[in-house]
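In what follows, a structure is listed as structure tokens, so that the remarks can point back to it.
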Amino acid sequence: MYKTEEITVDPSYIIRDYSTSDGSQIKYNHNDNWYKIDNYGGEADAECLSTILLDCSNLSAEQYVRYNKIIINGEQGCYCEDFRKDTSNDEFITFYRLFKNIRGYDLASITSKMDYDDAIQYVINFIDEVTGLDIRTYLANIFYLDEIILNTDRHFNNYGIIMSNNSYSLAPIFDNGKSLLVGSKIDLNTVSIDEAIKKAYSKSFSPYFGLNSHYLKEYRTISINKEKLNNLLAEYPDSIQKKVLIHQLESGII
């Protein structure tokens, strides 16, 4: 079920992504698919396990991106389909780029000076003003997901909208690679998962996952089928990331 495919992609399709907070990451855009090479090791597992988690939720298939592990030119990585329905017409715009285009400066430079709840409301108001979209449920569901998977890289380039013929819609949830303690540089052979989790912080708004999640809890619509998740995790190959997700499942967060 989880056999890893292998693919060769010509270097001409490389897109070196500098939007990540940790520097550049090699990505390929080819045949309406996005391919990502692991930076730290474990990102592909984190993406696939996050996909399994979301597959066990009540969210529709259009509300999140599905990732699969793959070997890309001999290197570990993952891939997903391009989530734009019309790749020749639809434009994906991150919150960062939208704010930069409209206001002319970095969104994080504004929100970082605010209390986290004021910052969340500031972004909600901005997106509503520019696009007419109400993002409270969108944010509430992402905050809850990130609380579970401990996503330490949900910066403003990892929230987005899609513009199509001057109308706007919310992008699906995407880019969960730096989650489940990926990139933490913590040796779980010497440190407990509980101790490691204490050093995992959210990238945007409050550094504490629980505070972000609590602020918009009343707008949250996502729920997880724990029995289905347990069954699918039992079939998934063992990894550190799987161990962390099982810990989160057993902790009562889900």
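Simple scheme: letters A, B, ... for chains in structure tokens order, numbers from 1 for residues in each chain, numbers from 1 for ligands in the order shown.
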Spatial neighbours of range 8-10 of chain A, 10 Å, only C-alpha atoms, chain gap at least 3 places, as an MDAnalysis selection string: chainID A and resid 13:14 28:30 35 71:75
Atoms to include: N, CA and C atoms. Write the selected residues as a PDB file, in the first residue's frame.
ATOM      1  N   TYR A  13      12.945  21.599 -14.869  1.00  0.00           N
ATOM      2  CA  TYR A  13      11.682  21.828 -14.162  1.00  0.00           C
ATOM      3  C   TYR A  13      11.887  22.254 -12.710  1.00  0.00           C
ATOM      4  N   ILE A  14      13.140  22.460 -12.322  1.00  0.00           N
ATOM      5  CA  ILE A  14      13.426  22.849 -10.943  1.00  0.00           C
ATOM      6  C   ILE A  14      12.929  24.258 -10.662  1.00  0.00           C
ATOM      7  N   TYR A  28      10.033  20.772  -7.961  1.00  0.00           N
ATOM      8  CA  TYR A  28       9.840  20.615  -9.394  1.00  0.00           C
ATOM      9  C   TYR A  28       8.358  20.796  -9.708  1.00  0.00           C
ATOM     10  N   ASN A  29       8.075  21.480 -10.782  1.00  0.00           N
ATOM     11  CA  ASN A  29       6.697  21.580 -11.278  1.00  0.00           C
ATOM     12  C   ASN A  29       6.674  20.935 -12.661  1.00  0.00           C
ATOM     13  N   HIS A  30       5.997  19.791 -12.758  1.00  0.00           N
ATOM     14  CA  HIS A  30       6.050  19.022 -13.993  1.00  0.00           C
ATOM     15  C   HIS A  30       4.762  18.226 -14.149  1.00  0.00           C
ATOM     16  N   TYR A  35       6.657  18.484  -6.971  1.00  0.00           N
ATOM     17  CA  TYR A  35       7.544  17.536  -6.309  1.00  0.00           C
ATOM     18  C   TYR A  35       8.479  18.305  -5.370  1.00  0.00           C
ATOM     19  N   ILE A  71      10.511   8.886  -4.676  1.00  0.00           N
ATOM     20  CA  ILE A  71      11.950   9.100  -4.856  1.00  0.00           C
ATOM     21  C   ILE A  71      12.122   9.930  -6.112  1.00  0.00           C
ATOM     22  N   ILE A  72      12.696  11.127  -5.967  1.00  0.00           N
ATOM     23  CA  ILE A  72      12.847  12.058  -7.086  1.00  0.00           C
ATOM     24  C   ILE A  72      14.319  12.155  -7.451  1.00  0.00           C
ATOM     25  N   ASN A  73      14.655  11.669  -8.626  1.00  0.00           N
ATOM     26  CA  ASN A  73      16.058  11.673  -9.068  1.00  0.00           C
ATOM     27  C   ASN A  73      16.976  11.084  -8.003  1.00  0.00           C
ATOM     28  N   GLY A  74      16.511  10.012  -7.380  1.00  0.00           N
ATOM     29  CA  GLY A  74      17.318   9.305  -6.383  1.00  0.00           C
ATOM     30  C   GLY A  74      17.234   9.868  -4.981  1.00  0.00           C
ATOM     31  N   GLU A  75      16.461  10.923  -4.772  1.00  0.00           N
ATOM     32  CA  GLU A  75      16.360  11.534  -3.451  1.00  0.00           C
ATOM     33  C   GLU A  75      14.948  11.412  -2.887  1.00  0.00           C
TER      34      GLU A  75
END
Show which residues sit within 12 Å of Tyr96 in chain A, as an mmCIF file with C-alpha atoms, in the first residue's frame. Count only C-alpha atoms, and ignore same-chain residues fewer than 6 positions away.
data_model
loop_
_atom_site.group_PDB
_atom_site.id
_atom_site.type_symbol
_atom_site.label_atom_id
_atom_site.label_comp_id
_atom_site.auth_asym_id
_atom_site.auth_seq_id
_atom_site.Cartn_x
_atom_site.Cartn_y
_atom_site.Cartn_z
ATOM 1 C CA SER A 19 9.668 31.199 0.594
ATOM 2 C CA THR A 20 10.571 28.685 3.270
ATOM 3 C CA ILE A 102 -1.467 45.757 -1.678
ATOM 4 C CA ARG A 103 0.370 47.351 1.239
ATOM 5 C CA GLY A 104 3.947 47.196 -0.009
ATOM 6 C CA TYR A 105 5.583 45.549 2.985
ATOM 7 C CA ASP A 106 5.943 42.303 4.914
ATOM 8 C CA LEU A 107 2.792 41.131 6.722
ATOM 9 C CA ALA A 108 4.858 39.516 9.481
ATOM 10 C CA SER A 109 6.563 42.838 10.197
ATOM 11 C CA ILE A 110 3.126 44.158 11.214
ATOM 12 C CA THR A 111 1.649 41.176 13.027
ATOM 13 C CA VAL A 123 -5.273 39.320 8.970
ATOM 14 C CA PHE A 126 -7.329 42.424 5.617
ATOM 15 C CA ILE A 127 -8.359 39.331 3.638
ATOM 16 C CA ARG A 154 3.166 27.821 8.918
ATOM 17 C CA HIS A 155 4.357 31.287 7.908
ATOM 18 C CA PHE A 156 2.303 33.628 5.724
ATOM 19 C CA ASN A 157 3.479 31.946 2.522
ATOM 20 C CA ASN A 158 1.722 28.803 3.730
ATOM 21 C CA TYR A 159 -1.746 30.340 3.796
ATOM 22 C CA GLY A 160 -3.265 31.337 0.486
ATOM 23 C CA ILE A 161 -6.089 32.124 -1.880
ATOM 24 C CA SER A 204 2.703 32.791 12.841
#
Residues flagged helix (DSSP H, G or I) by DSSP in range 3-169 of chain A, as a PyMOL selection string: chain A and resi 11-13+43-55+61-63+95-103+107-111+116-131+136-149+156-158
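Between Ile37 in chain A and the residues A:Arg84, A:Lys228, A:Lys69, A:Lys198, the shortest atom-to-atom distance, using only C-alpha atoms, involves A:Lys69.
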From A:His247, A:Lys217, A:Lys178, A:Lys27, residue lying nearest Pro11 in chain A [only C-alpha atoms]: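 Result for the nearest residue to Pro11 in chain A: A:Lys27.
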Close residues, Pro237 in chain A itself excluded, 12 Å, only C-alpha atoms, min 3 positions apart in chain, as a ChimeraX atom specification: /A:1-4,45,48-49,69,232-234,240-243
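Between CA of Val182 in chain A and CA of Ala140 in chain A lies a distance of 23.0 Å.
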Best match for closeness to Lys85 in chain A among A:Asp194, A:Asp32, A:Glu47, A:Asp115, counting only C-alpha atoms: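 Closest candidate: A:Asp32.
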12 Å contact set for Pro207 in chain A, only C-alpha atoms, chain neighbours under 4 positions out, as a short mmCIF file (atom, residue, chain, number, x, y, z; two decimals) with C-alpha atoms, in the first residue's frame:
data_model
loop_
_atom_site.label_atom_id
_atom_site.label_comp_id
_atom_site.auth_asym_id
_atom_site.auth_seq_id
_atom_site.Cartn_x
_atom_site.Cartn_y
_atom_site.Cartn_z
CA SER A 112 4.83 40.48 15.01
CA ASP A 115 -0.70 40.58 20.52
CA TYR A 116 -1.51 37.29 18.82
CA ASP A 117 -5.29 37.77 18.97
CA PHE A 143 -4.76 26.09 13.73
CA ASP A 146 -1.13 22.52 13.36
CA GLU A 147 -1.76 21.93 17.05
CA LEU A 150 3.12 20.62 15.51
CA ASN A 151 3.72 22.51 12.27
CA THR A 152 6.62 24.87 12.99
CA ASP A 153 6.67 26.45 9.53
CA ARG A 154 3.17 27.82 8.92
CA HIS A 155 4.36 31.29 7.91
CA LYS A 198 7.74 21.69 24.50
CA LYS A 199 10.35 23.08 22.09
CA ALA A 200 8.01 23.14 19.06
CA TYR A 201 6.59 26.58 18.34
CA SER A 202 4.11 27.98 15.84
CA LYS A 203 5.52 30.25 13.14
CA LEU A 211 -3.51 29.67 21.96
CA ASN A 212 -4.00 30.02 18.21
CA SER A 213 -6.33 27.05 18.18
#
Among the residues A:Leu245, A:Leu188, A:Ile52, A:Ile15, the one that comes closest to Ile148 in chain A [using only C-alpha atoms]: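 Looking only at the distances to Ile148 in chain A, the closest residue turns out to be A:Leu245.
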Based on the backbone DSSP call, show me all residues of range 126-187 of chain A assigned strand (DSSP E or B), as an mmCIF file with C-alpha atoms, in the first residue's frame.
data_model
loop_
_atom_site.group_PDB
_atom_site.id
_atom_site.type_symbol
_atom_site.label_atom_id
_atom_site.label_comp_id
_atom_site.auth_asym_id
_atom_site.auth_seq_id
_atom_site.Cartn_x
_atom_site.Cartn_y
_atom_site.Cartn_z
ATOM 1 C CA GLY A 160 -3.265 31.337 0.486
ATOM 2 C CA ILE A 161 -6.089 32.124 -1.880
ATOM 3 C CA ILE A 162 -6.805 31.378 -5.521
ATOM 4 C CA MET A 163 -7.805 34.140 -7.906
ATOM 5 C CA SER A 164 -9.797 33.113 -10.965
ATOM 6 C CA SER A 167 -13.007 36.195 -8.091
ATOM 7 C CA TYR A 168 -11.404 34.649 -5.018
ATOM 8 C CA SER A 169 -11.574 31.334 -3.206
ATOM 9 C CA LEU A 170 -9.538 29.826 -0.384
ATOM 10 C CA ILE A 173 -4.476 23.374 3.250
#
Residues near range 56-64 of chain A, cut-off 9 Å, only C-alpha atoms, skip fewer than 6 positions along chain, as a PyMOL selection string: chain A and resi 83+170-174+221-229+232
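Using only C-alpha atoms, the nearest neighbour of Glu195 in chain A within the list A:Ile246, A:Leu181, A:Tyr67, A:Glu43 is A:Leu181.
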Selection near Lys36 in chain A, 8 Å with only C-alpha atoms, sequence-local residues under 6 positions removed, as a list in words: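 Here the answer would be Gln25, Ile26, Lys27, Tyr28, Gly77, Cys78 and Tyr79 of chain A.
In this structure, CA of Asp134 in chain A sits 11.2 Å away from CA of Gln121 in chain A.
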